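Taking it in order: structure first as C-alpha cells, then the write-up.
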Amino acid sequence: MPSVVKINVLTVPVEQREVLEKRFASRAGVVESSDGFEWFELLRPVDGTDNYLVYTRWRDEASFEAWMEGPMKQAHQGGGDQPPADRPKPAASASTVWSFEVVQQTGPKNTGA
C-alpha cells in the first residue's frame, strides 16, 4: 500500500508568520512519535503568497486519521486544559487540506565518492 501525503495549506498574514512558526516549533516532537508517521516539513512562502504549506507523509490513511483524532486534536485544543475563551487565536486565516497517494519517489544517487 502506498504512503499518503497530506498538505495543509494555511493562509497566514505577514504579521502572523512569526506566531505560526513559533507555535509549530513549540509543538516539535508531537507528530514524530505517532504510529505511521513518515515525514514533516513546514514550508514558508517566498514568492509573494500568504500560503504556508504543512507537508506530512503517513504510512496509510488510518495512521493520519488516528493522529488527527488524538495528538493533533489535543495540541490544537491546548491539551484540553484551557477554556475556549483563553486559547490563543489561530495564526492562519484559512486552511485547506490536500490529500495524495505516493505513486513514484526517488532520492539522490549514491555516487560512491
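Quick note on naming: the chains in the C-alpha cells go A, B, ... in the order shown, residues restart at 1 in each chain, and ligands are numbered from 1 in order of appearance.
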Need to verify the contact set: Asn8 (chain A), 9 Å, only C-alpha atoms, exclusion of same-chain residues closer than 5 positions in sequence. Can you return it as a compact mmCIF listing (two decimals) with N, CA, C and O atoms, in the first residue's frame?
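After the write, out.txt holds the following:
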```
# COMPACT_ATOMS: atom_id res chain seq x y z
N TYR A 52 1.40 29.19 3.62
CA TYR A 52 2.37 28.22 4.14
C TYR A 52 1.86 26.84 3.74
O TYR A 52 0.65 26.61 3.65
N LEU A 53 2.78 25.90 3.54
CA LEU A 53 2.40 24.51 3.30
C LEU A 53 2.94 23.66 4.44
O LEU A 53 4.11 23.77 4.80
N VAL A 54 2.09 22.84 5.01
CA VAL A 54 2.49 21.90 6.05
C VAL A 54 2.41 20.52 5.40
O VAL A 54 1.32 20.01 5.14
N TYR A 55 3.58 19.94 5.13
CA TYR A 55 3.69 18.67 4.42
C TYR A 55 3.89 17.55 5.43
O TYR A 55 4.82 17.60 6.23
N THR A 56 3.01 16.56 5.41
CA THR A 56 3.23 15.35 6.22
C THR A 56 3.01 14.14 5.34
O THR A 56 2.19 14.15 4.42
N SER A 95 -7.59 27.47 6.06
CA SER A 95 -6.85 26.22 5.99
C SER A 95 -7.58 25.25 5.05
O SER A 95 -8.80 25.12 5.12
N THR A 96 -6.81 24.61 4.18
CA THR A 96 -7.33 23.60 3.27
C THR A 96 -6.37 22.42 3.28
O THR A 96 -5.15 22.63 3.25
N VAL A 97 -6.88 21.19 3.33
CA VAL A 97 -6.02 20.01 3.31
C VAL A 97 -6.13 19.34 1.95
O VAL A 97 -7.22 19.03 1.48
N TRP A 98 -4.97 19.15 1.32
CA TRP A 98 -4.88 18.39 0.07
C TRP A 98 -4.39 17.00 0.42
O TRP A 98 -3.51 16.82 1.26
N SER A 99 -4.92 15.97 -0.24
CA SER A 99 -4.53 14.58 0.02
C SER A 99 -4.01 13.93 -1.26
O SER A 99 -4.60 14.11 -2.33
```
Which residues are near region 30-46 of chain A? Cut-off 12 Å, only C-alpha atoms, ignore same chain within fewer than 3 positions. Put them as number ranges by chain.
A: 2-14, 17-18, 20-27, 49-76, 79
Saved selection, atoms kept: C-alpha atoms, as a PDB file, in the first residue's frame:
```pdb
ATOM      1  CA  PRO A   2       1.450   3.425  -0.930  1.00  0.00           C
ATOM      2  CA  SER A   3       2.137   6.152   1.611  1.00  0.00           C
ATOM      3  CA  VAL A   4      -0.287   9.078   1.791  1.00  0.00           C
ATOM      4  CA  VAL A   5       0.708  12.730   1.759  1.00  0.00           C
ATOM      5  CA  LYS A   6      -1.302  15.468   3.428  1.00  0.00           C
ATOM      6  CA  ILE A   7      -0.568  19.089   2.597  1.00  0.00           C
ATOM      7  CA  ASN A   8      -2.289  21.623   4.814  1.00  0.00           C
ATOM      8  CA  VAL A   9      -2.407  24.971   3.004  1.00  0.00           C
ATOM      9  CA  LEU A  10      -2.504  27.723   5.630  1.00  0.00           C
ATOM     10  CA  THR A  11      -3.246  31.319   4.678  1.00  0.00           C
ATOM     11  CA  VAL A  12      -1.152  33.364   7.107  1.00  0.00           C
ATOM     12  CA  PRO A  13      -0.996  37.173   7.028  1.00  0.00           C
ATOM     13  CA  VAL A  14       2.561  38.548   7.147  1.00  0.00           C
ATOM     14  CA  ARG A  17       4.074  34.446  10.327  1.00  0.00           C
ATOM     15  CA  GLU A  18       6.305  34.584  13.393  1.00  0.00           C
ATOM     16  CA  LEU A  20       2.688  30.480  13.344  1.00  0.00           C
ATOM     17  CA  GLU A  21       6.331  29.403  13.193  1.00  0.00           C
ATOM     18  CA  LYS A  22       6.750  29.700  16.972  1.00  0.00           C
ATOM     19  CA  ARG A  23       3.631  27.582  17.544  1.00  0.00           C
ATOM     20  CA  PHE A  24       4.949  24.848  15.261  1.00  0.00           C
ATOM     21  CA  ALA A  25       8.345  24.990  16.989  1.00  0.00           C
ATOM     22  CA  SER A  26       6.696  24.686  20.419  1.00  0.00           C
ATOM     23  CA  ARG A  27       4.913  21.508  19.285  1.00  0.00           C
ATOM     24  CA  THR A  49       1.880  34.474  -1.406  1.00  0.00           C
ATOM     25  CA  ASP A  50       0.467  34.206   2.117  1.00  0.00           C
ATOM     26  CA  ASN A  51       0.209  30.402   1.898  1.00  0.00           C
ATOM     27  CA  TYR A  52       2.368  28.221   4.140  1.00  0.00           C
ATOM     28  CA  LEU A  53       2.398  24.512   3.301  1.00  0.00           C
ATOM     29  CA  VAL A  54       2.490  21.898   6.050  1.00  0.00           C
ATOM     30  CA  TYR A  55       3.687  18.670   4.422  1.00  0.00           C
ATOM     31  CA  THR A  56       3.225  15.355   6.218  1.00  0.00           C
ATOM     32  CA  ARG A  57       3.611  11.802   4.905  1.00  0.00           C
ATOM     33  CA  TRP A  58       1.959   8.798   6.534  1.00  0.00           C
ATOM     34  CA  ARG A  59       2.121   5.027   6.140  1.00  0.00           C
ATOM     35  CA  ASP A  60      -1.623   4.983   5.386  1.00  0.00           C
ATOM     36  CA  GLU A  61      -4.847   6.972   5.754  1.00  0.00           C
ATOM     37  CA  ALA A  62      -5.726   5.215   9.030  1.00  0.00           C
ATOM     38  CA  SER A  63      -2.474   6.443  10.644  1.00  0.00           C
ATOM     39  CA  PHE A  64      -3.232  10.030   9.613  1.00  0.00           C
ATOM     40  CA  GLU A  65      -6.815   9.805  10.897  1.00  0.00           C
ATOM     41  CA  ALA A  66      -5.639   8.384  14.251  1.00  0.00           C
ATOM     42  CA  TRP A  67      -3.207  11.300  14.635  1.00  0.00           C
ATOM     43  CA  MET A  68      -5.924  13.820  13.689  1.00  0.00           C
ATOM     44  CA  GLU A  69      -8.300  12.434  16.326  1.00  0.00           C
ATOM     45  CA  GLY A  70      -5.655  12.097  19.044  1.00  0.00           C
ATOM     46  CA  PRO A  71      -2.409  14.076  19.380  1.00  0.00           C
ATOM     47  CA  MET A  72      -3.245  16.735  16.772  1.00  0.00           C
ATOM     48  CA  LYS A  73      -6.631  17.493  18.286  1.00  0.00           C
ATOM     49  CA  GLN A  74      -5.120  17.727  21.786  1.00  0.00           C
ATOM     50  CA  ALA A  75      -2.320  20.034  20.590  1.00  0.00           C
ATOM     51  CA  HIS A  76      -4.789  22.401  18.941  1.00  0.00           C
ATOM     52  CA  GLY A  79      -4.426  19.687  25.794  1.00  0.00           C
TER      53      GLY A  79
END
```
Apply DSSP to the structure's backbone, then extract all residues of chain A labelled alpha helix (DSSP H) and return them as an MDAnalysis selection string.
chainID A and resid 17:26 61:67 73:76
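CA of Pro88 (chain A) is found 15.2 Å from CA of Glu15 (chain A).
Nearest-residue note for Val19 (chain A): choosing from A:Thr106, A:Ala92, A:Asp47, A:Met1, the minimum distance belongs to A:Ala92, counting only C-alpha atoms.
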Kindly give the distance, in Å, that separates CA of Ala91 (chain A) and CA of Ala28 (chain A), rounded to a single decimal.
17.0 Å
Taking only region 5-101 of chain A into account, list the residues labelled strand (DSSP E or B) by DSSP (computed from the backbone), as a PyMOL selection string.
chain A and resi 5-11+37-43+51-58+94-101
